[in-house]
>>> print(open('start_22.cif').read())   # mmCIF, C-alpha atoms
data_coords
loop_
_atom_site.label_atom_id
_atom_site.label_comp_id
_atom_site.auth_asym_id
_atom_site.auth_seq_id
_atom_site.Cartn_x
_atom_site.Cartn_y
_atom_site.Cartn_z
CA MET A 247 -113.08 112.55 -86.88
CA THR A 248 -112.69 108.86 -87.63
CA ARG A 249 -113.53 108.09 -91.22
CA THR A 250 -115.85 105.13 -91.53
CA ASN A 251 -116.36 105.22 -95.28
CA THR A 252 -113.25 105.06 -97.46
CA THR A 253 -115.12 104.81 -100.78
CA MET A 254 -115.92 107.82 -102.91
CA PRO A 255 -119.18 109.50 -101.87
CA PRO A 256 -122.14 109.66 -104.26
CA SER A 257 -122.09 112.28 -107.01
CA ARG A 258 -124.72 114.98 -107.39
CA GLU A 259 -126.20 112.96 -110.26
CA ASP A 260 -126.47 109.99 -107.90
CA ALA A 261 -128.38 112.17 -105.45
CA ILE A 262 -130.78 113.29 -108.18
CA GLU A 263 -131.42 109.65 -109.07
CA MET A 264 -132.14 108.87 -105.40
CA ASP A 265 -134.77 111.62 -105.46
CA ARG A 266 -136.44 110.04 -108.49
CA GLN A 267 -136.88 106.84 -106.48
CA ASP A 268 -138.02 108.54 -103.25
CA PRO A 269 -141.54 107.38 -102.25
CA PHE A 270 -141.97 110.55 -100.15
CA ALA A 271 -140.92 113.00 -102.88
CA HIS A 272 -144.49 114.28 -103.32
CA LYS A 273 -144.62 115.43 -99.69
CA ARG A 274 -142.33 118.36 -100.45
CA ASP A 275 -145.14 119.93 -102.48
CA GLU A 276 -147.24 120.24 -99.33
CA PHE A 277 -144.86 122.88 -97.87
CA PHE A 278 -143.90 126.44 -98.70
CA LEU A 279 -140.21 126.08 -99.58
CA GLU A 280 -138.75 128.75 -101.84
CA ASP A 281 -136.54 127.69 -104.72
CA GLY A 282 -132.86 127.92 -103.88
CA ILE A 283 -133.30 127.55 -100.11
CA ILE A 284 -132.02 124.41 -98.40
CA TYR A 285 -133.83 124.25 -95.09
CA LEU A 286 -131.94 122.28 -92.44
CA CYS A 287 -133.59 123.79 -89.38
CA GLY A 288 -136.79 121.78 -89.10
CA ASN A 289 -135.44 120.53 -85.77
CA SER A 290 -136.04 124.08 -84.50
CA LEU A 291 -138.97 125.36 -86.57
CA GLY A 292 -140.68 123.33 -89.25
CA PRO A 293 -141.62 124.98 -92.57
CA MET A 294 -145.19 126.10 -93.22
CA PRO A 295 -147.65 123.58 -94.68
CA LYS A 296 -149.45 125.12 -97.64
CA SER A 297 -152.83 124.11 -96.25
CA VAL A 298 -152.47 126.26 -93.15
CA VAL A 299 -153.16 129.50 -95.02
CA GLY A 300 -156.62 128.44 -96.12
CA LYS A 301 -157.41 126.90 -92.74
CA ILE A 302 -156.46 130.03 -90.81
CA GLU A 303 -158.22 132.28 -93.33
CA HIS A 304 -161.42 130.27 -92.84
CA THR A 305 -161.01 130.47 -89.07
CA MET A 306 -160.56 134.24 -89.22
CA LYS A 307 -163.14 135.15 -91.88
CA GLU A 308 -165.83 132.60 -91.13
CA ASP A 309 -165.51 131.08 -87.66
CA TRP A 310 -164.41 134.25 -85.88
CA ALA A 311 -165.80 137.08 -88.04
CA ARG A 312 -169.18 135.47 -88.69
CA GLY A 313 -169.54 132.70 -86.16
CA LEU A 314 -168.27 134.83 -83.30
CA VAL A 315 -168.77 133.21 -79.90
CA THR A 316 -170.91 130.41 -81.39
CA SER A 317 -167.76 128.95 -82.96
CA TRP A 318 -166.68 127.57 -79.60
CA ASN A 319 -169.38 125.01 -80.35
CA LYS A 320 -169.93 125.11 -84.12
CA ALA A 321 -166.25 125.14 -85.09
CA GLY A 322 -165.23 122.92 -82.19
CA TRP A 323 -162.81 125.43 -80.70
CA PHE A 324 -163.41 124.43 -77.10
CA MET A 325 -162.54 120.77 -77.64
CA MET A 326 -159.58 121.29 -80.00
CA THR A 327 -157.31 120.30 -77.11
CA ASP A 328 -158.83 116.82 -77.19
CA ILE A 329 -159.57 116.50 -80.91
CA LEU A 330 -155.98 117.33 -81.84
CA GLY A 331 -154.73 115.30 -78.89
CA ASP A 332 -156.43 112.17 -80.18
CA ARG A 333 -155.01 112.75 -83.68
CA LEU A 334 -151.52 113.22 -82.32
CA ALA A 335 -151.92 110.21 -80.03
CA THR A 336 -152.38 108.02 -83.11
CA LEU A 337 -149.01 109.21 -84.44
CA LEU A 338 -147.31 108.63 -81.09
CA GLY A 339 -148.65 105.20 -80.21
CA ALA A 340 -151.20 106.32 -77.64
CA GLY A 341 -154.98 106.11 -77.36
CA PRO A 342 -158.00 108.43 -77.22
CA GLY A 343 -158.27 110.59 -74.12
CA GLU A 344 -154.60 110.07 -73.21
CA LEU A 345 -153.07 113.19 -74.77
CA VAL A 346 -154.05 116.86 -74.94
CA VAL A 347 -152.63 119.62 -77.12
CA SER A 348 -152.19 122.65 -74.90
CA ASP A 349 -149.80 125.22 -73.45
CA ALA A 350 -146.06 125.51 -73.97
CA THR A 351 -143.71 122.58 -73.39
CA GLY A 352 -142.29 124.18 -70.25
CA ILE A 353 -145.72 124.53 -68.68
CA ASN A 354 -146.52 120.91 -69.49
CA ILE A 355 -143.22 119.80 -67.92
CA TYR A 356 -144.13 121.77 -64.79
CA LYS A 357 -147.58 120.17 -64.62
CA THR A 358 -146.44 116.60 -65.27
CA LEU A 359 -143.58 116.87 -62.76
CA HIS A 360 -146.06 117.93 -60.09
CA ALA A 361 -148.48 115.23 -61.22
CA ALA A 362 -145.86 112.50 -60.92
CA ILE A 363 -144.64 113.75 -57.53
CA SER A 364 -148.23 113.83 -56.24
CA MET A 365 -148.37 110.06 -56.83
CA GLN A 366 -145.09 109.37 -55.02
CA PRO A 367 -145.48 110.23 -51.33
CA GLY A 368 -142.29 109.82 -49.33
CA ARG A 369 -139.99 109.98 -52.35
CA THR A 370 -137.65 112.94 -52.50
CA THR A 371 -135.64 112.99 -55.76
CA ILE A 372 -136.12 114.16 -59.34
CA VAL A 373 -133.59 112.61 -61.72
CA SER A 374 -132.71 114.07 -65.11
CA GLU A 375 -129.80 114.87 -67.45
CA ALA A 376 -127.32 117.70 -67.00
CA THR A 377 -127.24 117.97 -70.81
CA SER A 378 -131.03 118.28 -71.05
CA PHE A 379 -132.61 121.17 -72.90
CA PRO A 380 -132.52 124.09 -70.45
CA THR A 381 -136.31 124.37 -70.16
CA ASP A 382 -136.45 120.91 -68.58
CA LEU A 383 -133.79 121.86 -66.03
CA TYR A 384 -135.30 125.25 -65.29
CA MET A 385 -138.72 123.72 -64.69
CA ILE A 386 -137.21 121.12 -62.36
CA GLU A 387 -135.64 123.99 -60.42
CA GLY A 388 -138.99 125.78 -60.34
CA VAL A 389 -140.79 122.74 -58.97
CA THR A 390 -138.18 122.03 -56.29
CA SER A 391 -138.19 125.70 -55.24
CA LEU A 392 -141.76 125.15 -54.07
CA LEU A 393 -141.27 121.64 -52.68
CA ALA A 394 -138.54 121.91 -50.07
CA HIS A 395 -138.34 118.14 -49.56
CA MET A 396 -137.40 117.46 -53.19
CA ASP A 397 -133.82 117.09 -54.40
CA ILE A 398 -132.33 117.06 -57.93
CA LYS A 399 -129.84 114.51 -59.26
CA LEU A 400 -128.40 114.83 -62.75
CA GLU A 401 -126.62 112.45 -65.09
CA GLY A 402 -123.30 114.05 -66.01
CA ARG A 403 -123.04 115.81 -62.67
CA ASP A 404 -123.92 113.32 -59.95
CA ALA A 405 -123.21 110.13 -61.93
CA ASP A 406 -121.93 109.17 -65.36
CA ASN A 407 -124.97 107.05 -66.24
CA ILE A 408 -128.49 108.06 -65.33
CA GLU A 409 -129.55 104.60 -64.11
CA GLU A 410 -126.90 104.86 -61.37
CA LEU A 411 -129.12 107.55 -59.83
CA PHE A 412 -132.26 105.40 -59.66
CA ASP A 413 -133.07 104.31 -56.11
CA GLN A 414 -135.88 104.04 -53.59
CA ASN A 415 -135.92 107.82 -53.16
CA THR A 416 -136.48 108.54 -56.86
CA ALA A 417 -139.94 109.99 -57.43
CA VAL A 418 -139.70 110.84 -61.11
CA VAL A 419 -137.20 110.62 -63.95
CA LEU A 420 -137.40 113.25 -66.70
CA LEU A 421 -135.76 111.94 -69.88
CA ASN A 422 -135.21 113.48 -73.29
CA GLN A 423 -135.83 110.80 -75.88
CA VAL A 424 -133.49 112.68 -78.23
CA ASP A 425 -130.58 114.91 -77.24
CA TYR A 426 -131.24 118.35 -78.75
CA ARG A 427 -127.54 118.99 -79.37
CA THR A 428 -126.45 115.70 -80.92
CA GLY A 429 -129.65 114.04 -82.11
CA GLU A 430 -128.73 110.92 -80.11
CA VAL A 431 -131.69 108.65 -79.38
CA ARG A 432 -131.94 107.24 -75.86
CA ASP A 433 -133.27 103.79 -74.98
CA ILE A 434 -136.45 105.09 -73.38
CA THR A 435 -137.99 101.64 -73.09
CA GLY A 436 -134.97 100.18 -71.30
CA LEU A 437 -134.49 103.15 -68.98
CA THR A 438 -138.20 103.23 -68.15
CA LYS A 439 -138.05 99.56 -67.17
CA LYS A 440 -135.10 100.26 -64.85
CA ALA A 441 -136.83 103.29 -63.33
CA HIS A 442 -140.03 101.31 -62.74
CA ALA A 443 -138.00 98.56 -61.06
CA VAL A 444 -137.26 100.97 -58.18
CA GLY A 445 -140.78 102.40 -58.16
CA ALA A 446 -139.99 105.66 -59.99
CA LEU A 447 -142.22 107.26 -62.61
CA VAL A 448 -140.94 108.45 -66.01
CA ILE A 449 -141.71 111.58 -68.03
CA SER A 450 -140.47 111.39 -71.62
CA ASP A 451 -139.69 114.65 -73.43
CA VAL A 452 -140.34 113.88 -77.10
CA CYS A 453 -139.75 117.37 -78.53
CA HIS A 454 -137.00 116.10 -80.84
CA SER A 455 -138.54 112.74 -81.64
CA ALA A 456 -142.24 113.40 -82.37
CA GLY A 457 -142.54 113.48 -86.15
CA ALA A 458 -138.89 112.52 -86.66
CA ILE A 459 -138.65 108.92 -85.46
CA PRO A 460 -141.20 106.23 -84.62
CA VAL A 461 -142.57 106.88 -81.12
CA ASN A 462 -144.82 104.42 -79.28
CA LEU A 463 -145.73 105.70 -75.85
CA HIS A 464 -147.62 102.52 -74.94
CA LYS A 465 -144.76 100.20 -75.83
CA GLU A 466 -142.20 102.46 -74.20
CA ASN A 467 -144.43 102.27 -71.11
CA VAL A 468 -143.67 105.82 -69.94
CA ASP A 469 -145.95 107.37 -67.35
CA PHE A 470 -146.16 110.86 -68.82
CA ALA A 471 -144.82 112.55 -71.94
CA VAL A 472 -144.49 116.14 -73.14
CA GLY A 473 -143.49 117.68 -76.43
CA CYS A 474 -143.86 120.56 -78.86
CA THR A 475 -145.52 120.75 -82.27
CA TYR A 476 -143.51 123.46 -84.01
CA LYS A 477 -140.42 121.40 -84.85
CA TYR A 478 -140.88 118.18 -86.80
CA LEU A 479 -144.68 118.49 -86.62
CA ASN A 480 -144.58 121.79 -88.57
CA SER A 481 -147.37 123.59 -86.69
CA GLY A 482 -145.97 127.13 -86.64
CA PRO A 483 -143.83 129.35 -84.40
CA GLY A 484 -144.85 129.03 -80.77
CA ALA A 485 -147.60 126.51 -81.59
CA PRO A 486 -149.10 124.69 -78.58
CA GLY A 487 -147.29 121.80 -76.97
CA PHE A 488 -148.84 118.58 -75.72
CA ALA A 489 -148.98 116.35 -72.67
CA TYR A 490 -149.67 112.63 -72.33
CA VAL A 491 -150.60 110.54 -69.31
CA ALA A 492 -150.72 106.74 -69.36
CA PRO A 493 -154.26 105.40 -68.85
CA ARG A 494 -153.20 103.50 -65.71
CA HIS A 495 -152.69 106.88 -64.01
CA HIS A 496 -155.95 108.53 -65.02
CA GLY A 497 -157.71 110.01 -62.03
CA LYS A 498 -154.77 109.33 -59.72
CA PHE A 499 -152.67 112.51 -59.93
CA LYS A 500 -152.89 116.17 -59.04
CA GLN A 501 -151.38 119.11 -60.90
CA PRO A 502 -151.21 122.69 -59.62
CA LEU A 503 -152.43 124.74 -62.60
CA THR A 504 -156.08 123.83 -62.19
CA GLY A 505 -157.73 126.21 -64.63
CA TRP A 506 -161.33 125.97 -65.67
CA HIS A 507 -160.64 124.26 -69.00
CA GLY A 508 -159.45 121.19 -67.10
CA HIS A 509 -162.55 121.06 -64.91
CA ALA A 510 -164.81 118.02 -65.20
CA ASP A 511 -167.76 120.25 -66.14
CA PRO A 512 -166.49 123.80 -66.76
CA PHE A 513 -169.83 125.36 -67.65
CA LYS A 514 -171.33 124.48 -64.29
CA PHE A 515 -169.07 127.26 -62.94
CA GLU A 516 -168.56 125.48 -59.64
CA GLN A 517 -166.58 127.18 -56.89
CA THR A 518 -164.29 124.19 -56.28
CA TYR A 519 -162.19 122.24 -58.75
CA ARG A 520 -163.02 118.76 -60.01
CA PRO A 521 -160.47 117.37 -62.51
CA GLY A 522 -161.57 116.30 -65.95
CA VAL A 523 -161.34 112.72 -67.21
CA GLY A 524 -158.04 111.29 -68.46
CA ALA A 525 -155.54 113.72 -69.92
CA ARG A 526 -158.07 116.55 -69.61
CA ALA A 527 -156.96 116.80 -65.98
CA LEU A 528 -153.70 118.24 -67.34
CA LEU A 529 -155.47 121.18 -68.97
CA SER A 530 -155.44 124.67 -67.49
CA GLY A 531 -156.87 127.75 -69.20
CA THR A 532 -158.60 128.30 -72.52
CA GLN A 533 -156.28 127.50 -75.42
CA PRO A 534 -155.56 129.68 -78.52
CA ALA A 535 -157.88 128.46 -81.27
CA ILE A 536 -156.00 130.06 -84.16
CA SER A 537 -152.72 128.45 -83.15
CA ALA A 538 -154.54 125.13 -82.86
CA VAL A 539 -155.42 125.42 -86.55
CA GLY A 540 -151.70 125.37 -87.29
CA VAL A 541 -151.39 122.11 -85.35
CA SER A 542 -154.24 120.66 -87.40
CA ALA A 543 -152.50 121.57 -90.67
CA GLY A 544 -149.21 120.12 -89.41
CA LEU A 545 -150.88 116.83 -88.53
CA ASP A 546 -152.61 116.69 -91.93
CA VAL A 547 -149.21 116.22 -93.56
CA PHE A 548 -148.65 113.04 -91.55
CA GLU A 549 -151.93 111.38 -92.56
CA GLY A 550 -151.16 107.94 -93.99
CA ILE A 551 -147.44 108.20 -93.24
CA ASP A 552 -145.58 105.07 -92.11
CA MET A 553 -143.15 106.52 -89.55
CA HIS A 554 -140.81 103.55 -89.86
CA ALA A 555 -140.51 104.10 -93.63
CA LEU A 556 -140.11 107.85 -93.16
CA PHE A 557 -137.37 107.31 -90.58
CA ALA A 558 -135.61 104.95 -93.00
CA LYS A 559 -135.43 107.78 -95.52
CA GLY A 560 -134.23 110.13 -92.79
CA LYS A 561 -131.38 107.76 -91.96
CA ASP A 562 -130.42 107.58 -95.64
CA LEU A 563 -130.32 111.37 -95.90
CA SER A 564 -128.39 111.66 -92.64
CA SER A 565 -125.85 109.03 -93.72
CA LEU A 566 -125.33 110.79 -97.04
CA MET A 567 -124.62 114.09 -95.29
CA ALA A 568 -122.25 112.47 -92.79
CA ASP A 569 -120.30 110.66 -95.52
CA LEU A 570 -119.92 113.78 -97.64
CA ILE A 571 -118.79 115.86 -94.67
CA GLU A 572 -116.23 113.24 -93.66
CA HIS A 573 -114.75 113.16 -97.14
CA TRP A 574 -114.76 116.90 -97.75
CA CYS A 575 -114.52 118.77 -94.45
CA GLU A 576 -112.23 116.84 -92.11
CA PRO A 577 -109.07 118.82 -93.03
CA HIS A 578 -110.78 122.08 -92.02
CA GLY A 579 -111.31 121.34 -88.33
CA ILE A 580 -114.87 119.98 -88.54
CA ARG A 581 -115.61 117.22 -86.04
CA PHE A 582 -118.62 114.94 -85.89
CA TYR A 583 -120.66 115.52 -82.71
CA SER A 584 -123.66 113.28 -83.36
CA PRO A 585 -123.32 109.51 -82.90
CA ARG A 586 -121.67 108.27 -86.08
CA ASP A 587 -123.96 105.21 -86.18
CA VAL A 588 -127.07 106.52 -87.94
CA ASN A 589 -129.24 104.05 -86.00
CA HIS A 590 -128.41 105.95 -82.82
CA ARG A 591 -129.53 109.42 -83.97
CA ASN A 592 -132.82 110.91 -85.09
CA GLY A 593 -131.39 112.01 -88.43
CA GLN A 594 -129.91 115.25 -87.11
CA VAL A 595 -126.27 115.83 -88.04
CA SER A 596 -124.35 117.89 -85.49
CA LEU A 597 -120.76 119.01 -85.93
CA THR A 598 -118.32 121.03 -83.88
CA HIS A 599 -115.91 123.75 -84.96
CA GLU A 600 -114.38 126.54 -82.91
CA ASN A 601 -115.84 129.05 -85.39
CA GLY A 602 -119.16 127.27 -85.67
CA TYR A 603 -121.34 130.37 -85.31
CA ALA A 604 -119.64 132.24 -88.17
CA ILE A 605 -119.73 129.13 -90.38
CA VAL A 606 -123.49 128.81 -89.86
CA GLN A 607 -123.99 132.49 -90.71
CA ALA A 608 -121.93 132.10 -93.89
CA LEU A 609 -124.06 129.12 -94.89
CA ILE A 610 -127.27 131.07 -94.22
CA ALA A 611 -125.98 133.78 -96.55
CA ARG A 612 -125.78 131.01 -99.17
CA ASN A 613 -129.42 130.03 -98.40
CA VAL A 614 -128.38 126.90 -96.50
CA ILE A 615 -130.23 127.34 -93.21
CA GLY A 616 -129.00 125.44 -90.16
CA ASP A 617 -128.39 126.69 -86.64
CA TYR A 618 -125.78 126.97 -83.91
CA ARG A 619 -125.74 125.99 -80.25
CA GLN A 620 -123.19 126.96 -77.60
CA PRO A 621 -120.33 126.43 -77.23
CA ASP A 622 -119.37 125.29 -80.76
CA VAL A 623 -122.13 123.10 -82.20
CA ILE A 624 -123.37 123.32 -85.79
CA ARG A 625 -126.77 121.60 -86.16
CA PHE A 626 -128.37 120.37 -89.36
CA GLY A 627 -131.93 119.09 -88.99
CA VAL A 628 -132.31 116.35 -91.58
CA THR A 629 -136.08 116.08 -92.00
CA PRO A 630 -137.21 113.52 -94.59
CA LEU A 631 -140.73 114.84 -95.22
CA TYR A 632 -139.51 117.63 -97.48
CA LEU A 633 -135.72 117.38 -97.86
CA ARG A 634 -134.29 115.89 -101.05
CA TYR A 635 -131.08 113.93 -101.46
CA VAL A 636 -129.80 116.66 -103.78
CA ASP A 637 -130.45 119.23 -101.02
CA ILE A 638 -128.18 117.24 -98.73
CA TRP A 639 -125.48 116.94 -101.40
CA ASP A 640 -125.62 120.67 -102.15
CA ALA A 641 -125.59 121.62 -98.46
CA ALA A 642 -122.48 119.55 -97.80
CA ASN A 643 -120.81 121.06 -100.85
CA HIS A 644 -121.63 124.59 -99.63
CA LEU A 645 -120.08 123.72 -96.27
CA ARG A 646 -116.95 122.52 -98.04
CA GLU A 647 -116.70 125.77 -100.02
CA VAL A 648 -117.27 127.94 -96.92
CA LEU A 649 -114.44 126.11 -95.16
CA GLU A 650 -112.05 126.04 -98.11
CA THR A 651 -112.48 129.73 -98.93
CA GLU A 652 -112.65 130.73 -95.25
CA GLU A 653 -115.46 133.12 -96.10
CA TRP A 654 -116.75 132.61 -92.54
CA LYS A 655 -113.99 135.05 -91.49
CA ASP A 656 -116.00 137.93 -92.96
CA GLU A 657 -116.83 140.36 -90.14
CA ARG A 658 -120.58 140.26 -90.82
CA PHE A 659 -120.68 136.54 -90.08
CA ASN A 660 -119.09 137.01 -86.66
CA ILE A 661 -121.63 139.44 -85.21
CA LYS A 662 -123.74 137.48 -82.73
CA GLN A 663 -127.50 137.82 -83.08
CA LEU A 664 -130.04 137.20 -80.33
CA VAL A 665 -131.35 133.94 -81.86
CA THR A 666 -128.55 131.61 -82.93
#
>>> encode(input="start_22.cif", output="structure tokens")
Amino acid sequence: MTRTNTTMPPSREDAIEMDRQDPFAHKRDEFFLEDGIIYLCGNSLGPMPKSVVGKIEHTMKEDWARGLVTSWNKAGWFMMTDILGDRLATLLGAGPGELVVSDATGINIYKTLHAAISMQPGRTTIVSEATSFPTDLYMIEGVTSLLAHMDIKLEGRDADNIEELFDQNTAVVLLNQVDYRTGEVRDITGLTKKAHAVGALVISDVCHSAGAIPVNLHKENVDFAVGCTYKYLNSGPGAPGFAYVAPRHHGKFKQPLTGWHGHADPFKFEQTYRPGVGARALLSGTQPAISAVGVSAGLDVFEGIDMHALFAKGKDLSSLMADLIEHWCEPHGIRFYSPRDVNHRNGQVSLTHENGYAIVQALIARNVIGDYRQPDVIRFGVTPLYLRYVDIWDAANHLREVLETEEWKDERFNIKQLVT
């Protein structure tokens, strides 16, 4: 690790003073966060907003128990895909009718890949990243298994830089705006411009950017986008994902999972499919109403939030953690895996250590919750909505103590669990 800060890091008292001046400090009160727990895993599963309990209770006791089937109309269940989509679109720099909240991220990747390919007759290549989150790669494989004429080219396997793979055969480019391992932010706008220059379409995976950094789908000029709501958007485990389609493509694509919810007029019960308007053409079957309530509560927390100001706090927190780790942990084999320039990462701080899994388990035993990714990556999700500067200071200090005492060598910390 190359040290970039040779001055003494801030003290714990300094961190407490930073919290006193934090304009987002009140946001922490909107989440269930038990005293003594430092939660650094919001990049995997966001904490629960307090409001979700009352919302779900109302849905269960009133809308379902009393309203029964009438709640598809009275409680707006049937159109939650669009209502929530329009709310989320505001946060992501898109417009009404351009985004729907539905299905899992993988299913939305599958649908948007097919949709993009349907608009690109004669083109034969899907381009993506070898380091992409596995779901993206698996879905690409699934699509090409059914389309024998399609080929796959990957950055890191077929070329060092992804733009080297763009050519007249490229149908669609699937990009992760943020690398899930390192937190590195890609230049989506620049890469989209280069892809469009050869006639390719772009799908942006914003799973690790939505709710973490400013996203503007219109300005980035992507053709489609997909993402999840259970990470930085705090909507609950397995909450629905979302899909976006640029307005210039409305009515021009086909996708294979043509369920009745995406039909132009589902209650006519026609025997043949007619796609709905705008992003509704990306819908498939009926969506889970109770899970949608979690998305609603997660979005409530972002009402009135300036994402640029929130990201500025996130960069401050991330820089503090990086500086403390550099000063305290370098002699113990820790290496920085994220880009060291905070402007090039989404706030996440990723490290490497050959005993990374055991170190993470030792930290969890101390109520400092991060996670681990193969082969040796320690990930800390630095999420500014609810994390305090003192949390970051304490977490780095716990890491120092775990390394200095070598408590990670304890046998219980080296037993691999299913979810890492």
>>> closest_residue(input="start_22.cif", among="A:Asp309, A:Ala489, A:Val588, A:Arg369", to="Gly352 (chain A)", atoms="all atoms listed in the file")
A:Ala489
>>> resolve_selection(input="start_22.cif", expression="the PyMOL selection byres ((chain A and resi 648) around 12)", output="number ranges by chain")
A: 574-575, 578, 580, 601-602, 604-612, 614, 641-647, 649-656, 659
>>> resolve_selection(input="start_22.cif", expression="the PyMOL selection byres ((chain A and resi 567) around 9)", output="JSON list (two decimals) with C-alpha atoms, keeping the file's coordinate frame")
[["chain", "number", "residue", "atom", "x", "y", "z"],
["A", 562, "ASP", "CA", -130.42, 107.58, -95.64],
["A", 563, "LEU", "CA", -130.32, 111.37, -95.90],
["A", 564, "SER", "CA", -128.39, 111.66, -92.64],
["A", 565, "SER", "CA", -125.85, 109.03, -93.72],
["A", 566, "LEU", "CA", -125.33, 110.79, -97.04],
["A", 568, "ALA", "CA", -122.25, 112.47, -92.79],
["A", 569, "ASP", "CA", -120.30, 110.66, -95.52],
["A", 570, "LEU", "CA", -119.92, 113.78, -97.64],
["A", 571, "ILE", "CA", -118.79, 115.86, -94.67],
["A", 572, "GLU", "CA", -116.23, 113.24, -93.66],
["A", 595, "VAL", "CA", -126.27, 115.83, -88.04],
["A", 628, "VAL", "CA", -132.31, 116.35, -91.58],
["A", 635, "TYR", "CA", -131.08, 113.93, -101.46],
["A", 638, "ILE", "CA", -128.18, 117.24, -98.73],
["A", 639, "TRP", "CA", -125.48, 116.94, -101.40],
["A", 641, "ALA", "CA", -125.59, 121.62, -98.46],
["A", 642, "ALA", "CA", -122.48, 119.55, -97.80]]
>>> resolve_selection(input="start_22.cif", expression="the PyMOL selection byres ((chain A and resi 445) around 8)", output="number ranges by chain")
A: 414, 416-417, 441-444, 446-447
>>> closest_residue(input="start_22.cif", among="A:Ala321, A:Leu633, A:Val541, A:Val424", to="Met306 (chain A)", atoms="all atoms listed in the file")
A:Ala321
>>> closest_residue(input="start_22.cif", among="A:Ile536, A:Phe515, A:Ser530, A:His554", to="Lys307 (chain A)", atoms="only C-alpha atoms")
A:Ile536
>>> axis_aligned_box(input="start_22.cif", around="region 556-562 of chain A", padding_each_side="4 Å", output="JSON")
{"center_x": -135.3, "center_y": 107.5, "center_z": -93.1, "size_x": 17.7, "size_y": 13.2, "size_z": 13.1}
>>> atom_distance(input="start_22.cif", atom1="CA of Leu664 (chain A)", atom2="CA of Leu597 (chain A)")
21.2 Å
>>> residues_around(input="start_22.cif", residues="Ile449 (chain A)", least_positions_apart="2", cutoff="7 Å", atoms="only C-alpha atoms", output="list in words")
Val419, Leu420, Leu421, Leu447, Asp451, Val468, Asp469, Phe470 and Ala471 of chain A
>>> atom_distance(input="start_22.cif", atom1="CA of Tyr384 (chain A)", atom2="CA of Thr428 (chain A)")
20.3 Å
>>> closest_residue(input="start_22.cif", among="A:Phe379, A:Ala361, A:Gln366, A:Leu345", to="Arg427 (chain A)", atoms="only C-alpha atoms")
A:Phe379
>>> residues_around(input="start_22.cif", residues="Val418 (chain A)", least_positions_apart="6", cutoff="8 Å", atoms="only C-alpha atoms", output="ChimeraX atom specification")
/A:359,362-363,371-373,446-449
>>> atom_distance(input="start_22.cif", atom1="CA of Ser542 (chain A)", atom2="CA of Gly331 (chain A)")
10.1 Å
>>> closest_residue(input="start_22.cif", among="A:Pro534, A:Gly339, A:Gly497, A:Gly627", to="Arg520 (chain A)", atoms="all atoms listed in the file")
A:Gly497
>>> closest_residue(input="start_22.cif", among="A:Asp546, A:Asp268, A:Glu430, A:Asp425", to="Ser297 (chain A)", atoms="all atoms listed in the file")
A:Asp546
>>> residues_around(input="start_22.cif", residues="Ala492 (chain A)", least_positions_apart="2", cutoff="8 Å", atoms="all atoms listed in the file", output="number ranges by chain")
A: 344, 464, 467-470, 490, 494-496
